[in-house]
file run-v7.cif (mmCIF, C-alpha atoms)
data_query
loop_
_atom_site.label_atom_id
_atom_site.label_comp_id
_atom_site.auth_asym_id
_atom_site.auth_seq_id
_atom_site.Cartn_x
_atom_site.Cartn_y
_atom_site.Cartn_z
CA MET A 1 52.56 117.64 162.06
CA THR A 2 49.86 116.26 159.77
CA ASP A 3 50.54 115.11 156.20
CA THR A 4 48.75 118.19 154.88
CA GLN A 5 50.86 120.48 157.03
CA THR A 6 54.02 118.66 155.98
CA LEU A 7 53.30 119.08 152.29
CA ALA A 8 52.38 122.72 152.85
CA ALA A 9 55.96 123.33 153.94
CA ALA A 10 57.09 123.70 150.32
CA SER A 11 58.24 127.24 149.69
CA ASP A 12 58.28 128.66 146.17
CA ALA A 13 55.69 126.49 144.41
CA ALA A 14 52.75 124.53 145.73
CA ILE A 15 53.13 120.77 145.47
CA PRO A 16 50.51 119.35 143.11
CA ASP A 17 48.26 116.45 143.96
CA VAL A 18 49.14 114.61 140.75
CA MET A 19 52.48 114.06 138.99
CA ARG A 20 53.80 112.33 135.91
CA ALA A 21 55.63 109.07 136.58
CA ALA A 22 56.91 106.16 134.53
CA VAL A 23 55.15 103.00 135.71
CA LEU A 24 56.12 99.45 134.77
CA PHE A 25 52.95 97.59 133.71
CA GLY A 26 54.71 94.44 132.52
CA PRO A 27 57.97 93.26 130.93
CA GLY A 28 58.95 95.93 128.44
CA ASP A 29 55.79 97.92 129.14
CA LEU A 30 56.88 101.21 130.72
CA ARG A 31 54.34 104.03 130.46
CA VAL A 32 54.34 107.62 131.67
CA VAL A 33 51.04 108.16 133.48
CA ASP A 34 49.46 110.33 136.15
CA ARG A 35 50.07 109.23 139.72
CA PRO A 36 49.36 110.84 143.10
CA VAL A 37 52.31 112.74 144.48
CA PRO A 38 53.67 110.57 147.32
CA GLN A 39 53.76 111.87 150.86
CA PRO A 40 56.83 111.50 153.06
CA ASP A 41 56.52 109.27 156.10
CA ARG A 42 58.42 109.77 159.32
CA HIS A 43 62.13 110.30 158.69
CA GLN A 44 61.58 110.79 154.96
CA VAL A 45 61.56 113.77 152.63
CA LEU A 46 59.73 114.51 149.41
CA VAL A 47 62.10 115.49 146.60
CA ARG A 48 61.30 117.29 143.36
CA VAL A 49 63.37 115.22 140.93
CA ALA A 50 65.76 117.25 138.75
CA MET A 51 67.02 114.33 136.69
CA CYS A 52 67.38 110.57 136.87
CA GLY A 53 70.06 108.51 135.16
CA THR A 54 69.62 105.16 133.43
CA CYS A 55 71.82 102.08 133.62
CA ALA A 56 71.96 98.39 132.75
CA THR A 57 70.11 97.50 135.94
CA ASP A 58 67.14 99.52 134.70
CA LEU A 59 67.10 97.44 131.50
CA LYS A 60 66.90 94.25 133.57
CA LEU A 61 64.12 95.74 135.69
CA VAL A 62 62.11 96.89 132.70
CA ASP A 63 62.57 93.56 130.93
CA GLY A 64 61.37 91.65 134.01
CA HIS A 65 64.70 89.96 134.73
CA PHE A 66 65.47 91.46 138.12
CA PRO A 67 64.53 89.67 141.35
CA GLN A 68 62.05 91.09 143.86
CA THR A 69 60.67 93.83 141.61
CA PRO A 70 57.46 95.35 143.06
CA PRO A 71 54.13 94.52 141.40
CA PHE A 72 53.47 95.53 137.80
CA GLY A 73 51.13 98.48 137.44
CA GLU A 74 52.41 100.04 140.66
CA PHE A 75 56.17 100.34 140.37
CA THR A 76 58.25 103.32 139.19
CA PRO A 77 61.92 102.48 138.57
CA GLY A 78 64.87 104.87 138.51
CA HIS A 79 67.65 104.69 141.11
CA GLU A 80 70.20 107.33 140.04
CA TRP A 81 68.38 110.56 140.78
CA THR A 82 68.96 113.97 142.26
CA GLY A 83 66.76 116.96 143.03
CA THR A 84 65.50 119.50 145.55
CA VAL A 85 63.75 118.87 148.86
CA ALA A 86 60.09 119.89 148.52
CA ALA A 87 58.62 118.75 151.85
CA LEU A 88 59.69 117.19 155.14
CA GLY A 89 58.24 114.18 156.91
CA GLU A 90 57.74 114.04 160.65
CA GLY A 91 60.92 114.12 162.70
CA VAL A 92 63.14 115.53 159.96
CA ASP A 93 65.39 118.41 161.00
CA GLU A 94 68.54 117.43 159.10
CA PHE A 95 67.22 118.92 155.85
CA ALA A 96 65.25 122.00 154.84
CA VAL A 97 62.89 122.68 151.98
CA GLY A 98 65.01 123.91 149.07
CA ASP A 99 68.08 121.81 149.86
CA ARG A 100 69.64 120.30 146.75
CA VAL A 101 70.33 116.62 147.36
CA CYS A 102 71.62 113.40 145.87
CA ILE A 103 70.82 109.91 147.04
CA GLU A 104 72.25 106.64 148.09
CA VAL A 105 70.03 103.95 146.57
CA HIS A 106 69.97 101.64 149.58
CA ALA A 107 68.47 102.35 152.97
CA GLY A 108 68.71 99.20 155.06
CA CYS A 109 66.13 98.00 157.54
CA GLY A 110 68.42 98.94 160.43
CA ARG A 111 67.39 95.83 162.38
CA CYS A 112 69.02 92.80 160.73
CA ASP A 113 72.50 91.46 161.53
CA ASN A 114 74.05 92.95 158.39
CA CYS A 115 72.56 96.41 158.90
CA LEU A 116 73.72 96.45 162.50
CA ILE A 117 77.33 96.14 161.36
CA GLY A 118 76.91 98.69 158.55
CA ARG A 119 76.44 96.32 155.59
CA TYR A 120 73.08 97.76 154.62
CA THR A 121 73.42 97.08 150.89
CA ALA A 122 73.36 93.41 151.91
CA CYS A 123 70.31 93.93 154.16
CA LEU A 124 68.78 90.58 155.11
CA ASN A 125 65.35 92.14 154.65
CA TYR A 126 66.13 93.22 151.08
CA GLY A 127 62.92 93.48 149.08
CA ARG A 128 60.76 93.70 152.21
CA PRO A 129 59.84 97.40 152.60
CA GLY A 130 57.49 96.46 155.42
CA LYS A 131 60.60 95.69 157.44
CA GLY A 132 62.04 99.12 156.66
CA GLN A 133 64.36 98.22 153.78
CA ARG A 134 64.23 100.54 150.77
CA ALA A 135 66.21 100.49 147.54
CA SER A 136 64.95 103.44 145.52
CA GLY A 137 63.80 102.46 142.05
CA ILE A 138 64.50 98.78 142.77
CA THR A 139 62.38 97.59 145.69
CA VAL A 140 60.34 100.80 146.12
CA ASN A 141 59.30 103.58 143.75
CA GLY A 142 62.17 105.62 142.40
CA GLY A 143 63.14 108.64 140.37
CA PHE A 144 61.56 108.28 136.92
CA ALA A 145 58.92 110.70 138.17
CA GLN A 146 58.44 114.33 139.01
CA TYR A 147 58.56 113.61 142.75
CA ALA A 148 60.01 110.84 144.91
CA VAL A 149 60.25 110.15 148.63
CA HIS A 150 63.48 109.05 150.21
CA ASP A 151 64.80 108.06 153.63
CA ILE A 152 66.99 110.74 155.19
CA LYS A 153 69.67 108.23 156.18
CA ALA A 154 70.42 107.73 152.48
CA LEU A 155 70.30 111.39 151.42
CA TYR A 156 73.10 113.96 151.08
CA LYS A 157 73.13 117.72 150.63
CA LEU A 158 74.87 119.00 147.53
CA PRO A 159 77.45 121.77 147.81
CA ASP A 160 76.60 124.81 145.71
CA GLN A 161 79.44 124.14 143.27
CA VAL A 162 78.22 120.62 142.40
CA SER A 163 75.71 120.61 139.55
CA PHE A 164 72.81 118.22 139.12
CA GLU A 165 74.66 116.78 136.10
CA ASP A 166 77.63 116.01 138.34
CA SER A 167 75.50 114.70 141.17
CA VAL A 168 73.51 112.25 139.03
CA LEU A 169 76.83 110.35 138.75
CA ILE A 170 77.68 110.53 142.45
CA THR A 171 75.73 107.36 143.25
CA THR A 172 77.72 105.67 140.49
CA ALA A 173 80.96 106.96 142.02
CA GLY A 174 79.81 105.56 145.36
CA THR A 175 79.65 102.10 143.80
CA GLY A 176 83.29 102.21 142.72
CA LEU A 177 84.40 103.78 145.98
CA TYR A 178 82.60 101.14 148.05
CA GLY A 179 84.39 98.38 146.11
CA ILE A 180 87.72 100.07 146.80
CA ASP A 181 86.75 100.51 150.45
CA VAL A 182 85.80 96.83 150.86
CA ALA A 183 89.17 95.82 149.40
CA GLY A 184 91.15 97.91 151.86
CA GLY A 185 91.14 101.33 150.23
CA TYR A 186 94.86 102.04 150.39
CA MET A 187 96.38 102.07 146.89
CA ALA A 188 98.90 104.92 147.12
CA GLY A 189 101.88 104.19 144.90
CA GLN A 190 100.34 101.07 143.38
CA ASP A 191 99.35 100.09 139.85
CA VAL A 192 95.61 99.78 139.25
CA VAL A 193 93.74 98.36 136.26
CA VAL A 194 90.13 99.46 135.73
CA ILE A 195 88.27 97.28 133.25
CA GLY A 196 85.24 98.77 131.51
CA PRO A 197 85.07 102.49 130.60
CA GLY A 198 81.36 102.80 131.35
CA PRO A 199 80.02 105.17 134.00
CA VAL A 200 81.26 103.07 136.95
CA GLY A 201 84.67 102.56 135.39
CA LEU A 202 85.13 106.19 134.38
CA MET A 203 84.18 107.43 137.84
CA THR A 204 86.47 104.79 139.38
CA VAL A 205 89.41 106.01 137.30
CA GLN A 206 89.00 109.42 138.94
CA LEU A 207 88.70 107.89 142.39
CA CYS A 208 91.90 105.88 141.98
CA LYS A 209 93.82 108.98 140.89
CA GLN A 210 92.58 110.87 143.95
CA LEU A 211 93.66 107.94 146.13
CA ALA A 212 97.20 108.38 144.77
CA ALA A 213 97.48 105.27 142.63
CA ARG A 214 100.85 105.27 140.88
CA ARG A 215 99.46 104.29 137.49
CA VAL A 216 95.83 103.82 136.42
CA ILE A 217 95.41 101.58 133.38
CA LEU A 218 91.99 101.72 131.72
CA VAL A 219 90.96 98.70 129.65
CA GLY A 220 88.04 98.70 127.22
CA THR A 221 86.76 98.20 123.69
CA ARG A 222 85.55 101.63 122.59
CA GLU A 223 88.14 104.21 121.64
CA ALA A 224 86.00 107.28 122.40
CA ARG A 225 85.36 106.10 125.95
CA LEU A 226 89.01 105.30 126.47
CA ARG A 227 89.94 108.81 125.32
CA LEU A 228 87.45 110.26 127.80
CA GLY A 229 89.08 108.11 130.46
CA ALA A 230 92.40 109.74 129.63
CA GLU A 231 90.84 113.18 130.04
CA LEU A 232 89.56 112.08 133.46
CA GLY A 233 92.96 110.87 134.62
CA ALA A 234 93.80 107.43 133.23
CA ASP A 235 97.56 107.12 132.67
CA GLU A 236 97.45 104.27 130.15
CA LEU A 237 94.76 103.08 127.75
CA VAL A 238 94.40 99.50 126.53
CA ASN A 239 92.01 98.80 123.65
CA VAL A 240 91.37 95.05 123.73
CA ARG A 241 90.35 95.14 120.07
CA GLU A 242 93.89 96.14 119.16
CA VAL A 243 96.18 94.44 121.68
CA ASP A 244 96.24 91.54 124.13
CA ALA A 245 95.12 93.24 127.34
CA VAL A 246 96.85 90.77 129.67
CA ALA A 247 100.16 91.04 127.84
CA ARG A 248 99.93 94.83 127.74
CA VAL A 249 99.25 95.11 131.48
CA HIS A 250 102.27 92.90 132.20
CA GLU A 251 104.37 95.03 129.87
CA LEU A 252 103.31 98.21 131.65
CA THR A 253 103.99 96.75 135.10
CA GLY A 254 107.44 95.30 134.42
CA GLY A 255 106.08 91.78 134.09
CA ASP A 256 104.59 91.57 137.57
CA GLY A 257 100.96 92.42 136.87
CA ALA A 258 98.80 95.02 138.59
CA ASP A 259 98.45 95.43 142.34
CA TRP A 260 94.72 96.04 141.86
CA VAL A 261 92.29 95.01 139.12
CA ILE A 262 88.82 96.55 139.38
CA GLU A 263 86.28 94.85 137.12
CA SER A 264 83.28 96.96 136.12
CA SER A 265 82.53 95.67 132.60
CA GLY A 266 80.37 92.60 133.28
CA GLY A 267 81.89 90.72 130.33
CA SER A 268 81.63 86.95 130.76
CA GLY A 269 85.26 86.29 129.85
CA VAL A 270 86.71 89.17 131.82
CA PRO A 271 87.09 87.50 135.26
CA GLN A 272 89.72 85.14 133.83
CA GLN A 273 91.55 88.11 132.35
CA CYS A 274 91.50 89.69 135.80
CA VAL A 275 93.23 86.63 137.24
CA GLU A 276 95.89 86.68 134.54
CA MET A 277 96.73 90.39 134.86
CA THR A 278 96.85 90.58 138.67
CA LYS A 279 100.18 90.60 140.48
CA ARG A 280 101.04 87.74 142.80
CA GLY A 281 99.61 88.79 146.16
CA GLY A 282 97.40 91.39 144.51
CA ARG A 283 93.68 91.92 144.69
CA ILE A 284 90.70 91.81 142.33
CA VAL A 285 87.55 93.84 143.00
CA PHE A 286 84.33 92.83 141.24
CA VAL A 287 81.65 95.52 141.09
CA ALA A 288 79.88 94.28 137.93
CA PHE A 289 76.91 91.99 137.38
CA TYR A 290 77.16 89.23 134.75
CA PRO A 291 74.58 87.79 132.35
CA GLY A 292 75.21 84.26 133.65
CA PRO A 293 77.78 82.01 135.35
CA VAL A 294 81.43 82.76 134.57
CA THR A 295 84.49 80.53 134.37
CA MET A 296 87.86 81.33 135.89
CA ASP A 297 90.97 79.46 137.01
CA LEU A 298 90.46 79.45 140.76
CA SER A 299 93.58 77.36 141.27
CA ALA A 300 95.64 80.18 139.77
CA VAL A 301 94.00 82.58 142.21
CA VAL A 302 95.01 80.37 145.14
CA ARG A 303 98.47 79.60 143.76
CA ASN A 304 99.24 83.28 143.31
CA ASP A 305 97.73 84.31 146.66
CA ILE A 306 95.33 86.73 144.97
CA THR A 307 92.49 88.07 147.10
CA MET A 308 89.10 88.60 145.44
CA TYR A 309 86.50 91.04 146.74
CA THR A 310 82.92 91.78 145.78
CA SER A 311 80.67 94.64 146.74
CA ARG A 312 77.08 95.51 146.03
CA GLY A 313 75.92 99.05 145.42
CA GLU A 314 77.23 102.18 147.07
CA GLY A 315 77.42 101.25 150.75
CA GLY A 316 79.80 102.15 153.55
CA ASN A 317 78.86 105.85 153.53
CA ASN A 318 80.82 106.18 150.31
CA VAL A 319 78.32 108.44 148.59
CA LYS A 320 79.03 110.99 151.31
CA ARG A 321 82.74 110.65 150.54
CA ALA A 322 82.06 111.02 146.82
CA VAL A 323 80.09 114.22 147.48
CA ALA A 324 83.09 115.61 149.38
CA MET A 325 85.42 114.75 146.49
CA ALA A 326 83.05 116.35 143.98
CA ALA A 327 82.95 119.51 146.10
CA THR A 328 86.69 119.96 145.56
CA GLY A 329 86.31 119.59 141.79
CA LYS A 330 88.20 116.30 141.79
CA LEU A 331 85.28 114.09 140.80
CA ARG A 332 83.55 115.05 137.55
CA GLY A 333 80.29 113.55 136.40
CA ALA A 334 78.78 116.05 133.98
CA GLU A 335 81.14 115.01 131.18
CA LEU A 336 79.62 111.52 131.25
CA VAL A 337 76.07 112.79 130.64
CA THR A 338 75.82 112.34 126.87
CA HIS A 339 72.05 112.25 126.31
CA ARG A 340 69.09 114.02 127.93
CA PHE A 341 65.42 113.20 127.35
CA PRO A 342 62.21 114.56 128.85
CA LEU A 343 60.46 111.99 131.01
CA GLU A 344 57.67 111.68 128.44
CA ASP A 345 60.26 110.26 126.00
CA ILE A 346 61.45 107.50 128.32
CA THR A 347 60.74 104.78 125.75
CA GLU A 348 63.08 106.45 123.28
CA ALA A 349 65.67 106.96 126.01
CA PHE A 350 65.65 103.26 126.81
CA ARG A 351 65.94 102.41 123.12
CA VAL A 352 69.08 104.54 122.94
CA VAL A 353 70.51 102.80 126.01
CA ARG A 354 69.62 99.32 124.78
CA GLU A 355 70.86 99.80 121.22
CA ARG A 356 73.82 101.99 122.23
CA ASP A 357 72.64 104.45 119.61
CA GLY A 358 75.13 107.31 119.47
CA ASP A 359 77.46 105.57 121.95
CA PRO A 360 75.69 106.84 125.08
CA ILE A 361 77.57 106.86 128.36
CA LYS A 362 74.96 108.23 130.74
CA VAL A 363 71.42 108.87 129.53
CA VAL A 364 69.29 110.98 131.88
CA LEU A 365 65.56 111.66 132.07
CA VAL A 366 64.42 115.16 133.05
CA PRO A 367 60.86 115.31 134.49
#
call {"tool": "encode", "arguments": {"input": "run-v7.cif", "output": "structure tokens"}}
result
Amino acid sequence: MTDTQTLAAASDAAIPDVMRAAVLFGPGDLRVVDRPVPQPDRHQVLVRVAMCGTCATDLKLVDGHFPQTPPFGEFTPGHEWTGTVAALGEGVDEFAVGDRVCIEVHAGCGRCDNCLIGRYTACLNYGRPGKGQRASGITVNGGFAQYAVHDIKALYKLPDQVSFEDSVLITTAGTGLYGIDVAGGYMAGQDVVVIGPGPVGLMTVQLCKQLAARRVILVGTREARLRLGAELGADELVNVREVDAVARVHELTGGDGADWVIESSGGSGVPQQCVEMTKRGGRIVFVAFYPGPVTMDLSAVVRNDITMYTSRGEGGNNVKRAVAMAATGKLRGAELVTHRFPLEDITEAFRVVRERDGDPIKVVLVP
């Protein structure tokens, strides 16, 4: 099938030659311009983007502080997107035009040692698309555009009952679920602390409840977000502006500390708090990025036989699992979408994210 024939496979509406896309021309210089609609290569699909979420990683990308960003003047960010399949590349029979889909950001090269054992978010060819590695909106063009191409091995069909608003948070849920997976996954009957009621933390609260945690304790600084966490399943709320979080966790757990502490806030002083609120023999899961080096009492970690885990992104097929959970109504994302902007207003959207104007949780762009 030729490229022209592939693109002609779109059903209801012809695919245009030109689309609107946000392109990064330099640090802080993100402009919405005309760009050719991309064509799917072998084992890829073209997706009409329905909406694309924003996050702190996008701020680092736009500000020029993220490693291995593609060249200025060519690159479209956006890695939390969802939409409808518009055209199929050669060799694709797993999807059909019209399928509603969500994405996993990372598609590994499939040839390095890490990819061969399933650790594709740690692909050794990261940032080298010529080797087959793709991280949508990070190392290759992403979803702040009307159309985007994506590798089918990182694409998932949406059940009819899952909305685009829900699905734009499914990648985020995959991040929390991958961290839990890496740390062993089994938390039934155990006490879990989730630190940081942002999108990752709020989705992780729901995941822990569905994995039968005995008590989920949500720790944060903003009362409105903590209250939303309660609506999504958190059993106890700890506002660190009002109480000593470590002391409160010990009080709630009979003095032992939590079996699990999942850190999603990225606060520089939080890793030490994690150490102090974790039960002897417990585990800490770090899914956050930090603005710089952090300090923690590693001797206390060793002395208390605490195991620390890290995970990057949404690997381990956990987006697929998150889709299945959303299909049952047990994983809700739409309630986290607080702000919507048309793509043309992306500069204003990023201002809202950066300045936390109106206490945004998830800001989405709609092409």
call {"tool": "residues_around", "arguments": {"input": "run-v7.cif", "residues": "Pro16 in chain A", "least_positions_apart": "2", "cutoff": "9 Å", "atoms": "all atoms listed in the file", "output": "VMD selection string"}}
result
chain A and resid 13 to 14 18 to 19 36 to 37
call {"tool": "resolve_selection", "arguments": {"input": "run-v7.cif", "expression": "the PyMOL selection byres ((chain A and resi 48-50) around 9)", "output": "PyMOL selection string"}}
result
chain A and resi 46-47+51-52+81-86+143-149+164+365-367
call {"tool": "residues_around", "arguments": {"input": "run-v7.cif", "residues": "Val353 in chain A", "least_positions_apart": "2", "cutoff": "12 Å", "atoms": "only C-alpha atoms", "output": "ChimeraX atom specification"}}
result
/A:53-60,338-341,346-351,355-365
call {"tool": "closest_residue", "arguments": {"input": "run-v7.cif", "among": "A:Lys279, A:Arg241, A:Arg35, A:Lys131", "to": "Glu223 in chain A", "atoms": "only C-alpha atoms"}}
result
A:Arg241
call {"tool": "atom_distance", "arguments": {"input": "run-v7.cif", "atom1": "CA of Arg215 in chain A", "atom2": "CA of Thr253 in chain A"}}
result
9.1 Å
call {"tool": "closest_residue", "arguments": {"input": "run-v7.cif", "among": "A:Gly198, A:Pro293, A:Pro38, A:Gly282", "to": "Ser268 in chain A", "atoms": "only C-alpha atoms"}}
result
A:Pro293
call {"tool": "residues_around", "arguments": {"input": "run-v7.cif", "residues": "range 260-264 of chain A", "least_positions_apart": "4", "cutoff": "9 Å", "atoms": "only C-alpha atoms", "output": "PyMOL selection string"}}
result
chain A and resi 176+179-180+187+190-198+200-201+204+270-271+274-275+277-279+282-289
call {"tool": "write_last_selection", "arguments": {"input": "run-v7.cif", "atoms": "C-alpha atoms", "output": "PDB file, keeping the file's coordinate frame"}}
result
ATOM      1  CA  GLY A 176      83.290 102.210 142.720  1.00  0.00           C
ATOM      2  CA  GLY A 179      84.390  98.380 146.110  1.00  0.00           C
ATOM      3  CA  ILE A 180      87.720 100.070 146.800  1.00  0.00           C
ATOM      4  CA  MET A 187      96.380 102.070 146.890  1.00  0.00           C
ATOM      5  CA  GLN A 190     100.340 101.070 143.380  1.00  0.00           C
ATOM      6  CA  ASP A 191      99.350 100.090 139.850  1.00  0.00           C
ATOM      7  CA  VAL A 192      95.610  99.780 139.250  1.00  0.00           C
ATOM      8  CA  VAL A 193      93.740  98.360 136.260  1.00  0.00           C
ATOM      9  CA  VAL A 194      90.130  99.460 135.730  1.00  0.00           C
ATOM     10  CA  ILE A 195      88.270  97.280 133.250  1.00  0.00           C
ATOM     11  CA  GLY A 196      85.240  98.770 131.510  1.00  0.00           C
ATOM     12  CA  PRO A 197      85.070 102.490 130.600  1.00  0.00           C
ATOM     13  CA  GLY A 198      81.360 102.800 131.350  1.00  0.00           C
ATOM     14  CA  VAL A 200      81.260 103.070 136.950  1.00  0.00           C
ATOM     15  CA  GLY A 201      84.670 102.560 135.390  1.00  0.00           C
ATOM     16  CA  THR A 204      86.470 104.790 139.380  1.00  0.00           C
ATOM     17  CA  VAL A 270      86.710  89.170 131.820  1.00  0.00           C
ATOM     18  CA  PRO A 271      87.090  87.500 135.260  1.00  0.00           C
ATOM     19  CA  CYS A 274      91.500  89.690 135.800  1.00  0.00           C
ATOM     20  CA  VAL A 275      93.230  86.630 137.240  1.00  0.00           C
ATOM     21  CA  MET A 277      96.730  90.390 134.860  1.00  0.00           C
ATOM     22  CA  THR A 278      96.850  90.580 138.670  1.00  0.00           C
ATOM     23  CA  LYS A 279     100.180  90.600 140.480  1.00  0.00           C
ATOM     24  CA  GLY A 282      97.400  91.390 144.510  1.00  0.00           C
ATOM     25  CA  ARG A 283      93.680  91.920 144.690  1.00  0.00           C
ATOM     26  CA  ILE A 284      90.700  91.810 142.330  1.00  0.00           C
ATOM     27  CA  VAL A 285      87.550  93.840 143.000  1.00  0.00           C
ATOM     28  CA  PHE A 286      84.330  92.830 141.240  1.00  0.00           C
ATOM     29  CA  VAL A 287      81.650  95.520 141.090  1.00  0.00           C
ATOM     30  CA  ALA A 288      79.880  94.280 137.930  1.00  0.00           C
ATOM     31  CA  PHE A 289      76.910  91.990 137.380  1.00  0.00           C
TER      32      PHE A 289
END
call {"tool": "residues_near_point", "arguments": {"input": "run-v7.cif", "point": "(98.2, 79.6, 139.2)", "cutoff": "12 Å", "atoms": "all atoms listed in the file", "output": "PyMOL selection string"}}
result
chain A and resi 272+275-281+296-306
call {"tool": "closest_residue", "arguments": {"input": "run-v7.cif", "among": "A:Arg100, A:His250, A:Arg312, A:Arg31", "to": "Ser167 in chain A", "atoms": "only C-alpha atoms"}}
result
A:Arg100
call {"tool": "closest_residue", "arguments": {"input": "run-v7.cif", "among": "A:Glu314, A:Asp29, A:Glu236, A:Asp256", "to": "Thr171 in chain A", "atoms": "only C-alpha atoms"}}
result
A:Glu314
call {"tool": "atom_distance", "arguments": {"input": "run-v7.cif", "atom1": "CA of Ile15 in chain A", "atom2": "CA of Gln39 in chain A"}}
result
10.4 Å
call {"tool": "decode", "arguments": {"input": "run-v7.cif", "residues": "range 181-245 of chain A", "atoms": "C-alpha atoms", "output": "mmCIF file, in the first residue's frame"}}
result
data_model
loop_
_atom_site.group_PDB
_atom_site.id
_atom_site.type_symbol
_atom_site.label_atom_id
_atom_site.label_comp_id
_atom_site.auth_asym_id
_atom_site.auth_seq_id
_atom_site.Cartn_x
_atom_site.Cartn_y
_atom_site.Cartn_z
ATOM 1 C CA ASP A 181 4.282 -3.184 39.604
ATOM 2 C CA VAL A 182 8.052 -2.686 39.893
ATOM 3 C CA ALA A 183 7.766 -2.795 43.693
ATOM 4 C CA GLY A 184 5.937 -6.107 43.704
ATOM 5 C CA GLY A 185 2.338 -5.071 43.166
ATOM 6 C CA TYR A 186 0.759 -6.981 46.042
ATOM 7 C CA MET A 187 -0.546 -4.575 48.702
ATOM 8 C CA ALA A 188 -3.789 -6.248 49.788
ATOM 9 C CA GLY A 189 -4.433 -5.548 53.459
ATOM 10 C CA GLN A 190 -1.520 -3.138 53.804
ATOM 11 C CA ASP A 191 -1.248 0.549 54.669
ATOM 12 C CA VAL A 192 -0.164 2.802 51.813
ATOM 13 C CA VAL A 193 0.884 6.453 51.873
ATOM 14 C CA VAL A 194 0.641 8.429 48.624
ATOM 15 C CA ILE A 195 2.522 11.721 48.741
ATOM 16 C CA GLY A 196 1.461 14.450 46.328
ATOM 17 C CA PRO A 197 -2.200 14.897 45.270
ATOM 18 C CA GLY A 198 -1.344 15.877 41.705
ATOM 19 C CA PRO A 199 -2.536 13.859 38.705
ATOM 20 C CA VAL A 200 -0.141 10.941 39.332
ATOM 21 C CA GLY A 201 -0.933 10.832 43.027
ATOM 22 C CA LEU A 202 -4.697 11.093 42.582
ATOM 23 C CA MET A 203 -4.734 8.318 39.994
ATOM 24 C CA THR A 204 -2.458 6.227 42.240
ATOM 25 C CA VAL A 205 -4.884 6.593 45.156
ATOM 26 C CA GLN A 206 -7.539 4.932 43.001
ATOM 27 C CA LEU A 207 -5.155 2.191 41.913
ATOM 28 C CA CYS A 208 -4.207 1.350 45.499
ATOM 29 C CA LYS A 209 -7.860 1.078 46.500
ATOM 30 C CA GLN A 210 -8.531 -1.287 43.606
ATOM 31 C CA LEU A 211 -5.524 -3.364 44.672
ATOM 32 C CA ALA A 212 -7.177 -3.814 48.081
ATOM 33 C CA ALA A 213 -4.892 -1.680 50.213
ATOM 34 C CA ARG A 214 -6.202 -1.657 53.786
ATOM 35 C CA ARG A 215 -5.796 2.086 54.250
ATOM 36 C CA VAL A 216 -4.702 4.729 51.737
ATOM 37 C CA ILE A 217 -3.283 7.872 53.330
ATOM 38 C CA LEU A 218 -2.960 10.869 51.007
ATOM 39 C CA VAL A 219 -0.405 13.517 51.974
ATOM 40 C CA GLY A 220 -0.280 16.992 50.426
ATOM 41 C CA THR A 221 -0.390 20.748 50.887
ATOM 42 C CA ARG A 222 -3.560 21.856 49.110
ATOM 43 C CA GLU A 223 -6.866 21.226 50.815
ATOM 44 C CA ALA A 224 -8.985 21.165 47.639
ATOM 45 C CA ARG A 225 -6.823 18.457 46.106
ATOM 46 C CA LEU A 226 -6.872 16.441 49.295
ATOM 47 C CA ARG A 227 -10.674 16.620 49.341
ATOM 48 C CA LEU A 228 -10.766 15.383 45.746
ATOM 49 C CA GLY A 229 -8.498 12.544 46.829
ATOM 50 C CA ALA A 230 -11.074 11.587 49.441
ATOM 51 C CA GLU A 231 -13.783 11.525 46.778
ATOM 52 C CA LEU A 232 -11.563 9.211 44.713
ATOM 53 C CA GLY A 233 -11.001 6.787 47.578
ATOM 54 C CA ALA A 234 -8.364 8.047 50.014
ATOM 55 C CA ASP A 235 -9.181 6.878 53.552
ATOM 56 C CA GLU A 236 -7.138 9.489 55.423
ATOM 57 C CA LEU A 237 -5.952 12.966 54.462
ATOM 58 C CA VAL A 238 -2.825 14.627 55.855
ATOM 59 C CA ASN A 239 -2.296 18.335 55.177
ATOM 60 C CA VAL A 240 1.382 18.997 55.886
ATOM 61 C CA ARG A 241 0.629 22.680 56.415
ATOM 62 C CA GLU A 242 -1.442 21.769 59.448
ATOM 63 C CA VAL A 243 0.203 18.707 61.003
ATOM 64 C CA ASP A 244 3.518 16.853 61.089
ATOM 65 C CA ALA A 245 3.033 14.327 58.292
#
